[in-house]
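Structure file final.txt with compact mmCIF, C-alpha atoms and all ligand atoms:
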# COMPACT_ATOMS: atom_id res chain seq x y z
CA MET A 1 0.00 0.00 0.00
CA GLN A 2 1.20 3.52 -0.78
CA ASN A 3 0.54 6.22 1.78
CA SER A 4 -1.07 9.45 0.70
CA ILE A 5 1.94 11.71 1.20
CA HIS A 6 2.78 13.87 -1.75
CA PHE A 7 6.55 14.31 -1.77
CA LYS A 8 6.82 17.75 -3.35
CA HIS A 9 10.35 17.35 -4.62
CA LEU A 10 10.32 13.66 -5.55
CA ASN A 11 8.92 11.44 -8.27
CA ASN A 12 5.50 10.46 -6.98
CA SER A 13 4.71 7.82 -9.61
CA GLU A 14 5.17 4.10 -9.09
CA ASN A 15 8.83 4.76 -9.86
CA ARG A 16 9.44 6.73 -6.68
CA THR A 17 13.01 5.82 -5.79
CA CYS A 18 15.06 5.71 -2.63
CA LYS A 19 18.80 5.54 -3.23
CA ILE A 20 20.45 3.81 -0.29
CA VAL A 21 24.01 5.08 0.18
CA LEU A 22 26.14 2.76 2.30
CA ALA A 23 28.61 4.59 4.53
CA PRO A 24 30.16 1.89 6.75
CA PHE A 25 32.83 4.23 8.08
CA ASN A 26 34.18 4.31 11.65
CA GLY A 27 37.27 6.54 11.32
CA GLY A 28 35.62 9.62 12.80
CA GLN A 29 35.61 8.18 16.33
CA PRO A 30 37.49 5.58 18.41
CA HIS A 31 35.11 2.58 18.50
CA GLY A 32 35.10 -0.30 16.04
CA GLY A 33 31.71 -1.62 15.01
CA VAL A 34 29.85 1.51 13.91
CA ASP A 35 30.85 0.47 10.40
CA LEU A 36 28.45 -2.47 10.81
CA GLY A 37 25.42 -0.16 10.95
CA PRO A 38 24.39 -0.48 7.29
CA GLU A 39 24.86 -4.26 7.25
CA TYR A 40 22.72 -4.74 10.37
CA MET A 41 19.95 -2.45 9.20
CA LEU A 42 19.83 -4.21 5.84
CA LYS A 43 19.90 -7.64 7.55
CA HIS A 44 16.94 -6.44 9.60
CA GLY A 45 15.05 -6.14 6.31
CA LEU A 46 15.24 -2.38 5.71
CA LYS A 47 15.43 -2.64 1.92
CA GLU A 48 12.44 -4.99 1.75
CA GLN A 49 10.51 -2.78 4.14
CA ILE A 50 11.03 0.23 1.88
CA GLU A 51 10.12 -1.76 -1.24
CA GLU A 52 7.31 -4.00 -0.06
CA THR A 53 5.69 -2.11 2.80
CA LEU A 54 6.20 1.37 1.42
CA ASN A 55 6.21 0.60 -2.28
CA TRP A 56 9.34 2.54 -3.25
CA LYS A 57 12.00 1.36 -5.66
CA THR A 58 15.41 1.10 -4.03
CA GLU A 59 18.93 1.05 -5.36
CA ILE A 60 22.09 0.57 -3.33
CA ILE A 61 25.11 2.82 -3.83
CA ASP A 62 28.37 1.67 -2.23
CA PRO A 63 30.89 4.51 -2.57
CA LEU A 64 33.47 3.09 -0.14
CA LYS A 65 33.57 -0.42 -1.62
CA ASN A 66 37.01 -0.05 -3.19
CA LEU A 67 38.67 1.31 -0.06
CA ASP A 68 40.40 -1.04 2.38
CA LEU A 69 39.20 1.05 5.31
CA GLU A 70 40.66 -1.07 8.11
CA LYS A 71 44.09 -1.06 6.46
CA LEU A 72 43.95 2.69 5.84
CA LYS A 73 42.91 3.21 9.44
CA SER A 74 45.81 1.20 10.90
CA GLU A 75 48.24 3.07 8.66
CA ALA A 76 46.81 6.41 9.79
CA ASP A 77 46.90 5.39 13.46
CA LEU A 78 50.49 4.17 13.17
CA LYS A 79 51.60 7.47 11.65
CA GLU A 80 49.66 9.51 14.21
CA LYS A 81 51.16 7.60 17.13
CA GLU A 82 54.29 9.70 16.75
CA LEU A 83 52.89 12.89 15.24
CA LYS A 84 49.93 13.15 17.64
CA PRO A 85 47.94 15.61 15.50
CA LYS A 86 45.11 17.60 17.06
CA ILE A 87 42.51 15.98 14.80
CA LYS A 88 42.52 12.27 14.21
CA ARG A 89 42.69 10.52 10.84
CA ALA A 90 41.93 13.73 8.96
CA ASP A 91 43.02 12.49 5.53
CA LEU A 92 41.06 9.25 5.88
CA VAL A 93 37.89 11.02 6.99
CA SER A 94 38.30 13.44 4.11
CA LEU A 95 38.88 10.67 1.57
CA ALA A 96 35.81 8.65 2.64
CA ASN A 97 33.63 11.74 2.62
CA GLU A 98 34.81 12.87 -0.78
CA LYS A 99 33.71 9.48 -2.13
CA ILE A 100 30.33 9.75 -0.39
CA TYR A 101 29.93 13.31 -1.68
CA ASN A 102 30.67 12.36 -5.27
CA ALA A 103 28.31 9.38 -5.15
CA CYS A 104 25.47 11.50 -3.72
CA LYS A 105 26.17 14.24 -6.25
CA ASN A 106 26.56 12.11 -9.36
CA GLU A 107 24.46 8.98 -8.79
CA ILE A 108 21.25 10.42 -7.32
CA LYS A 109 18.72 12.35 -9.39
CA LYS A 110 17.00 15.44 -8.12
CA ASP A 111 13.63 13.67 -7.78
CA GLU A 112 15.05 10.67 -5.85
CA PHE A 113 15.30 10.28 -2.09
CA GLN A 114 18.82 10.14 -0.58
CA LEU A 115 19.11 7.73 2.35
CA THR A 116 22.60 7.42 3.84
CA LEU A 117 23.34 4.69 6.37
CA GLY A 118 26.36 5.28 8.63
CA GLY A 119 28.79 4.83 9.95
CA ASP A 120 29.79 7.53 12.41
CA HIS A 121 28.41 11.05 12.02
CA SER A 122 31.48 12.35 10.17
CA ILE A 123 29.86 10.84 7.05
CA ALA A 124 27.35 13.69 7.06
CA ILE A 125 30.07 15.90 5.57
CA GLY A 126 29.75 13.89 2.35
CA SER A 127 26.03 13.20 2.46
CA ILE A 128 24.96 16.78 3.22
CA ALA A 129 27.44 18.32 0.78
CA GLY A 130 26.04 15.90 -1.82
CA LEU A 131 22.42 16.75 -1.03
CA LEU A 132 23.17 20.48 -1.16
CA SER A 133 24.62 20.03 -4.66
CA ARG A 134 21.09 19.13 -5.83
CA HIS A 135 19.08 21.23 -3.36
CA PRO A 136 21.32 24.20 -2.45
CA ASP A 137 18.71 25.86 -0.27
CA ALA A 138 17.68 22.75 1.68
CA GLY A 139 17.16 23.09 5.43
CA ILE A 140 18.92 20.62 7.71
CA ILE A 141 17.28 19.20 10.85
CA TRP A 142 20.10 17.71 12.95
CA ILE A 143 18.75 15.31 15.55
CA ASP A 144 21.44 14.47 18.10
CA ALA A 145 22.52 14.57 21.75
CA HIS A 146 25.57 16.47 20.44
CA ALA A 147 26.01 19.55 18.26
CA ASP A 148 28.91 18.08 16.21
CA ILE A 149 30.03 21.62 15.43
CA ASN A 150 33.53 21.60 16.91
CA THR A 151 36.06 23.14 14.57
CA VAL A 152 39.57 21.87 13.93
CA ASN A 153 40.57 24.42 16.59
CA THR A 154 37.95 23.76 19.30
CA THR A 155 37.73 19.95 19.30
CA GLU A 156 38.85 18.48 22.62
CA SER A 157 38.65 14.82 21.56
CA GLY A 158 40.09 15.21 18.05
CA ASN A 159 37.33 12.88 16.82
CA LEU A 160 35.94 14.17 13.55
CA HIS A 161 32.42 12.82 14.15
CA GLY A 162 32.22 15.77 16.57
CA CYS A 163 33.01 18.27 13.77
CA PRO A 164 30.95 17.68 10.58
CA VAL A 165 28.77 20.79 10.88
CA SER A 166 31.77 23.11 11.14
CA PHE A 167 33.17 21.70 7.89
CA LEU A 168 29.83 22.03 6.11
CA ALA A 169 29.55 25.63 7.32
CA ASN A 170 33.17 26.34 6.31
CA MET A 171 34.21 27.40 9.82
CA ASP A 172 37.95 28.03 10.34
CA ARG A 173 38.54 26.93 6.76
CA GLN A 174 41.95 28.58 6.74
CA ASP A 175 43.09 26.03 9.36
CA TRP A 176 41.79 22.90 7.61
CA PRO A 177 44.18 20.16 6.52
CA GLU A 178 44.76 20.47 2.78
CA SER A 179 42.84 17.24 2.12
CA PHE A 180 39.48 18.82 3.08
CA LYS A 181 39.66 21.54 0.47
CA TRP A 182 37.34 19.60 -1.88
CA ILE A 183 34.43 20.76 0.31
CA PRO A 184 32.68 23.53 -1.64
CA GLU A 185 32.70 27.07 -0.29
CA ASN A 186 29.43 28.82 0.67
CA LEU A 187 27.83 25.43 1.27
CA LEU A 188 25.72 25.45 4.42
CA LYS A 189 24.52 28.73 5.91
CA THR A 190 24.21 28.66 9.67
CA ASN A 191 20.57 29.81 9.48
CA LYS A 192 19.68 26.71 7.45
CA ILE A 193 20.32 24.22 10.27
CA ALA A 194 18.38 23.53 13.47
CA TYR A 195 19.21 21.04 16.19
CA ILE A 196 16.83 18.87 18.21
CA GLY A 197 17.72 16.70 21.21
CA LEU A 198 20.94 18.33 22.44
CA ARG A 199 22.17 17.55 25.94
CA ASP A 200 25.95 17.19 25.73
CA VAL A 201 27.47 20.25 24.10
CA ASP A 202 31.13 21.24 24.62
CA GLU A 203 31.96 24.74 25.89
CA GLY A 204 33.59 25.71 22.60
CA GLU A 205 30.49 24.52 20.75
CA LYS A 206 28.20 26.58 22.97
CA LYS A 207 30.14 29.66 21.99
CA ILE A 208 29.92 28.77 18.29
CA LEU A 209 26.15 28.23 18.55
CA LYS A 210 25.73 31.54 20.32
CA ASP A 211 28.08 33.60 18.14
CA ASN A 212 26.39 32.33 14.97
CA ASN A 213 22.86 32.54 16.37
CA ILE A 214 22.22 28.89 15.49
CA LYS A 215 18.78 27.50 16.31
CA ALA A 216 19.21 24.71 18.86
CA PHE A 217 16.48 22.87 20.77
CA SER A 218 17.93 20.93 23.68
CA MET A 219 16.06 18.35 25.77
CA TYR A 220 15.08 21.28 27.97
CA HIS A 221 13.11 22.77 25.08
CA VAL A 222 11.55 19.39 24.29
CA ASP A 223 10.35 19.19 27.90
CA ARG A 224 9.25 22.80 28.02
CA PHE A 225 7.41 23.12 24.69
CA GLY A 226 6.79 19.52 23.72
CA ILE A 227 8.19 17.77 20.66
CA ASN A 228 5.37 18.99 18.38
CA SER A 229 6.10 22.65 18.98
CA VAL A 230 9.85 22.10 18.79
CA VAL A 231 9.72 20.41 15.39
CA GLU A 232 7.37 23.12 14.07
CA GLN A 233 9.75 25.86 15.20
CA ALA A 234 12.75 24.03 13.77
CA LEU A 235 11.05 23.57 10.38
CA GLU A 236 9.91 27.16 10.27
CA HIS A 237 13.39 28.38 11.08
CA VAL A 238 15.28 26.38 8.45
CA SER A 239 12.61 26.98 5.79
CA GLN A 240 13.17 30.75 5.98
CA GLY A 241 9.65 31.53 4.82
CA ASN A 242 9.59 29.04 1.92
CA LYS A 243 6.76 26.55 2.49
CA ASP A 244 8.30 24.27 -0.14
CA CYS A 245 11.81 24.36 1.30
CA PRO A 246 13.47 20.94 0.80
CA ILE A 247 14.37 19.32 4.13
CA MET A 248 17.11 16.85 5.04
CA ILE A 249 17.20 15.02 8.37
CA SER A 250 20.57 14.02 9.81
CA TYR A 251 19.65 11.59 12.56
CA ASP A 252 22.22 10.47 15.14
CA VAL A 253 20.55 7.65 17.07
CA ASP A 254 22.23 8.83 20.29
CA ALA A 255 19.53 11.53 20.38
CA ILE A 256 17.31 8.74 21.69
CA ASP A 257 17.38 7.74 25.34
CA PRO A 258 19.57 4.68 26.04
CA GLU A 259 16.92 3.23 28.35
CA ALA A 260 14.20 3.73 25.75
CA SER A 261 16.00 1.86 22.96
CA VAL A 262 19.48 3.04 21.96
CA LYS A 263 22.20 1.37 24.00
CA CYS A 264 24.37 0.44 21.02
CA THR A 265 26.02 3.74 20.18
CA GLY A 266 29.49 5.14 20.88
CA THR A 267 28.71 8.32 22.83
CA LYS A 268 25.58 7.56 24.91
CA VAL A 269 24.01 10.36 26.92
CA ASP A 270 21.21 9.80 29.44
CA TYR A 271 17.79 11.45 29.39
CA GLY A 272 17.15 11.70 25.68
CA LEU A 273 14.13 11.46 23.41
CA ASN A 274 11.66 8.71 24.14
CA ASN A 275 10.71 6.33 21.33
CA ARG A 276 7.56 8.16 20.31
CA GLU A 277 9.25 11.56 20.29
CA ALA A 278 12.05 10.04 18.24
CA LEU A 279 9.69 8.75 15.56
CA PHE A 280 7.18 11.60 15.71
CA LEU A 281 9.90 13.92 14.48
CA CYS A 282 10.27 11.85 11.33
CA GLU A 283 6.53 11.51 10.84
CA ARG A 284 5.94 15.23 11.10
CA ILE A 285 8.83 16.19 8.84
CA CYS A 286 7.64 13.63 6.28
CA GLU A 287 4.10 15.00 6.51
CA THR A 288 5.26 18.40 5.22
CA GLY A 289 5.98 16.71 1.89
CA ASN A 290 9.33 18.48 1.80
CA VAL A 291 11.69 15.74 2.96
CA VAL A 292 14.36 14.83 0.40
CA ALA A 293 17.09 13.06 2.38
CA LEU A 294 17.96 11.29 5.60
CA ASP A 295 21.12 10.08 7.36
CA VAL A 296 20.90 7.42 10.05
CA VAL A 297 24.22 7.28 11.90
CA GLU A 298 26.04 5.99 14.99
CA VAL A 299 24.31 2.59 15.16
CA ASN A 300 27.07 0.41 16.66
CA PRO A 301 26.02 -3.26 16.97
CA SER A 302 29.38 -4.15 18.61
CA LEU A 303 28.49 -2.19 21.72
CA GLY A 304 25.49 -4.36 22.59
CA ALA A 305 25.62 -6.45 25.77
CA ASP A 306 23.29 -9.03 24.18
CA GLU A 307 21.21 -9.74 21.08
CA HIS A 308 18.20 -7.95 22.50
CA GLU A 309 20.07 -4.65 22.97
CA ILE A 310 21.44 -4.86 19.44
CA LEU A 311 18.01 -5.61 18.01
CA LYS A 312 16.41 -2.66 19.78
CA THR A 313 18.95 -0.17 18.43
CA VAL A 314 18.90 -1.59 14.91
CA ALA A 315 15.10 -1.75 14.90
CA ILE A 316 14.64 1.89 15.85
CA GLY A 317 17.19 2.84 13.19
CA CYS A 318 14.97 1.09 10.63
CA SER A 319 11.83 2.70 12.10
CA ILE A 320 13.41 6.15 11.69
CA VAL A 321 13.79 5.40 7.99
CA ARG A 322 10.26 4.06 7.52
CA CYS A 323 8.64 6.92 9.44
CA SER A 324 10.62 9.45 7.40
CA LEU A 325 9.26 7.81 4.25
CA GLY A 326 5.70 7.96 5.49
CA GLU A 327 4.95 4.49 6.83
CA THR A 328 2.98 5.49 9.89
CA LEU A 329 1.00 8.32 8.27
CA LEU A 330 -2.47 7.31 7.13
N1 LIG B 401 28.44 12.14 16.43
C1 LIG B 401 28.70 12.05 17.72
N2 LIG B 401 28.21 11.04 18.42
N3 LIG B 401 29.46 13.00 18.24
C2 LIG B 401 29.89 13.06 19.59
C3 LIG B 401 30.82 14.23 19.82
C4 LIG B 401 31.29 14.32 21.24
C5 LIG B 401 32.19 15.51 21.54
N4 LIG B 401 31.46 16.75 21.46
C6 LIG B 401 33.39 15.56 20.60
O1 LIG B 401 33.54 16.49 19.84
O2 LIG B 401 34.20 14.66 20.63
MN MN B 402 25.63 12.28 18.97
MN MN B 403 26.19 13.17 15.93
What is this structure when it is put down as structure tokens?
Amino acid sequence: MQNSIHFKHLNNSENRTCKIVLAPFNGGQPHGGVDLGPEYMLKHGLKEQIEETLNWKTEIIDPLKNLDLEKLKSEADLKEKELKPKIKRADLVSLANEKIYNACKNEIKKDEFQLTLGGDHSIAIGSIAGLLSRHPDAGIIWIDAHADINTVNTTESGNLHGCPVSFLANMDRQDWPESFKWIPENLLKTNKIAYIGLRDVDEGEKKILKDNNIKAFSMYHVDRFGINSVVEQALEHVSQGNKDCPIMISYDVDAIDPEASVKCTGTKVDYGLNNREALFLCERICETGNVVALDVVEVNPSLGADEHEILKTVAIGCSIVRCSLGETLL
């Protein structure tokens, strides 16, 4: 059965297509296993769910398939053992993202949905840069416990999954490693992004959010106004008065409360979104008819204590996708 949503920017015929971009990349943070996210979500039946339940065509794109990522990572780590650079594995993160960017840019048509399965959140550099190549004025709703807006100068951990937004917004570009210079200039304006779910933001990031006047709804705002009002305000802000503004969701599953469902993720933070809030966001954004792309990142099956914990995290990752494509809307 097809739901009644009219996707304003997509092909609405029986050929409506979801391109699934695999981004099994873990180099933006220290834990192994987050690279297994795509495999586990697909094993859970995600592709079939999109095709059979939701009636979309799907096609898999695998931009990292020719890279020996584990080998490249050990080489990078070996080199950095002596050099101890401030940011970790910069060239590797850049290389993987350039591949993701080019795949999203060249292998997805304007009227197709872009679904990227991570991987750690550094992969949003490539996926969002790719999406913006087709929809330059898209608004980004970033759902996360973290702001991921550290610059190469403010990062305390050196982990690049804490920095993707600063690269997309070209912050401190003059201090970037040479390898990142493929990222286009004037890409993401800071008034075209809004955060939902924040509760662990570094001091340097707080200053960046404030100095740039970036719209950020923390868990405090979710409690105070309710998720419905928060998502409305976020959409209104990034749409900048355009009721047809294309919208991309970048969804870090650590936005969701560990007790509610997401224990298998690398940087867990207590007291997050409950399961209904987590999915309502996707339902409401889908309902606008403006959604054009989604990332689901930071699913790490290796961090599960048992099968049940893994299943719960993987299952909500798949639900995020289905709700964003309209499954639960009548
Ligand atoms: N995508 C994530 N889970 N990011 C966590 C980032 C944590 C911390 N702010 C850092 O920069 O290291
Ligand atoms: Mn996070
Ligand atoms: Mn994140």
Contacts of range 120-167 of chain A with range 248-269 of chain A up to 8 Å, shortest pair per row, all atoms listed in the file, as a tab-separated table:
residue	atom	partner	partner_atom	distance
A:His121	CA	A:Asp252	CA	7.0
A:Ala124	CA	A:Ser250	CA	7.3
A:Ala138	CA	A:Met248	CA	6.8
A:Gly139	CA	A:Met248	CA	6.3
A:Ile140	CA	A:Met248	CA	5.0
A:Ile141	CA	A:Ile249	CA	4.9
A:Trp142	CA	A:Ser250	CA	4.9
A:Ile143	CA	A:Tyr251	CA	4.9
A:Asp144	CA	A:Ala255	CA	4.2
A:Ala145	CA	A:Ala255	CA	4.5
A:His146	CA	A:Ala255	CA	7.8
6 Å shell around ligand LIG 401 (chain B) using only C-alpha atoms and all ligand atoms, listed as a list in words: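 Counting only what the definition allows, namely only C-alpha atoms and all ligand atoms, the set is His121, His146, Asp148, Asn150, Thr155, Ser157, Asn159, His161, Gly162, Val201, Asp202 and Thr267 of chain A.
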Point-to-point distance in Å for CA of Ser4 in chain A and CA of Gly241 in chain A: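 Those two atoms sit 24.9 Å apart.
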Please measure the separation of CA of Leu187 in chain A and CA of Cys245 in chain A, giving the value in Å to one decimal.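 Separation of CA of Leu187 in chain A and CA of Cys245 in chain A: 16.1 Å.
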Can you pull out the residues contacting range 151-153 of chain A? Cut-off 9 Å, using all atoms listed in the file, and skip same-chain residues under 3 positions away; I want them as a PyMOL selection string. chain A and resi 86-87+148+156+158+160+162-167+171-173+175-177+204-205
I want to know what sits within 7 Å of Cys286 in chain A, based on only C-alpha atoms, with residues of the same chain fewer than 3 positions away left out; could you give that as a list in words?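 Contacts, with the query itself left out: Cys282, Glu283, Gly289, Asn290, Val291, Ser324, Leu325 and Gly326 of chain A.
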Take the residues just selected and output them with C-alpha atoms as a short mmCIF file (atom, residue, chain, number, x, y, z; two decimals), in the coordinates of the input.
data_model
loop_
_atom_site.label_atom_id
_atom_site.label_comp_id
_atom_site.auth_asym_id
_atom_site.auth_seq_id
_atom_site.Cartn_x
_atom_site.Cartn_y
_atom_site.Cartn_z
CA CYS A 282 10.27 11.85 11.33
CA GLU A 283 6.53 11.51 10.84
CA GLY A 289 5.98 16.71 1.89
CA ASN A 290 9.33 18.48 1.80
CA VAL A 291 11.69 15.74 2.96
CA SER A 324 10.62 9.45 7.40
CA LEU A 325 9.26 7.81 4.25
CA GLY A 326 5.70 7.96 5.49
#
Let me know the centre plus edge lengths, in Å and rounded to one decimal, of a box with edges along x, y and z that contains all listed atoms of range 99-108 of chain A and is padded by 3 Å on every side, as lines of an AutoDock Vina configuration file.
center_x = 27.5
center_y = 11.6
center_z = -4.9
size_x = 18.5
size_y = 11.3
size_z = 15.0
With only C-alpha atoms as the atoms that count, which of A:Pro136, A:Gly130, A:Gly28, A:Gly119 lies nearest to Val93 in chain A?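 For Val93 in chain A, the nearest of the candidates is A:Gly28.
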Using all atoms listed in the file for the distances, tell me which of A:Ser239, A:Ser122, A:Asn15, A:Asn26 is nearest to ligand MN 402 (chain B). A:Ser122
Using CA of Leu168 in chain A and CA of Ala129 in chain A as the two end points, give the distance in Å to one decimal.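 Answer for the CA of Leu168 in chain A to CA of Ala129 in chain A separation: 6.9 Å.
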Kindly provide, as a ChimeraX atom specification, the polymer residues lying within 6 Å of (15.8, 19.0, -7.6), counting all atoms listed in the file and using the coordinates exactly as they appear in the file. /A:110-111,134-135
Any chance you can output those residues with C-alpha atoms as a compact mmCIF listing (two decimals), in the frame of the given file?
# COMPACT_ATOMS: atom_id res chain seq x y z
CA LYS A 110 17.00 15.44 -8.12
CA ASP A 111 13.63 13.67 -7.78
CA ARG A 134 21.09 19.13 -5.83
CA HIS A 135 19.08 21.23 -3.36
Please identify all polymer residues lying at most 9 Å from the point (11.6, 8.9, 12.7) (file coordinates), using only C-alpha atoms, and present the result as number ranges by chain. A: 251, 276-286, 316-325
Please provide as a PyMOL selection string all residues within 9 Å of Ala234 in chain A, with the sequence filter that same-chain residues fewer than 5 positions apart are discarded (counting all atoms listed in the file). chain A and resi 141+193-196+215-217+229+239
Keeping C-alpha atoms, export the residues of the selection given above as an mmCIF file, in the coordinates of the input.
data_model
loop_
_atom_site.group_PDB
_atom_site.id
_atom_site.type_symbol
_atom_site.label_atom_id
_atom_site.label_comp_id
_atom_site.auth_asym_id
_atom_site.auth_seq_id
_atom_site.Cartn_x
_atom_site.Cartn_y
_atom_site.Cartn_z
ATOM 1 C CA ILE A 141 17.280 19.200 10.850
ATOM 2 C CA ILE A 193 20.320 24.220 10.270
ATOM 3 C CA ALA A 194 18.380 23.530 13.470
ATOM 4 C CA TYR A 195 19.210 21.040 16.190
ATOM 5 C CA ILE A 196 16.830 18.870 18.210
ATOM 6 C CA LYS A 215 18.780 27.500 16.310
ATOM 7 C CA ALA A 216 19.210 24.710 18.860
ATOM 8 C CA PHE A 217 16.480 22.870 20.770
ATOM 9 C CA SER A 229 6.100 22.650 18.980
ATOM 10 C CA SER A 239 12.610 26.980 5.790
#
Go through A:Ile50, A:Ala147, A:Leu78, A:Val21 one by one, measure the shortest atom-to-atom distance of each to ligand MN 402 (chain B) using all atoms listed in the file, and give the residue with the smallest value.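 Checking each of A:Ile50, A:Ala147, A:Leu78, A:Val21 against ligand MN 402 (chain B), counting all atoms listed in the file, the winner is A:Ala147.
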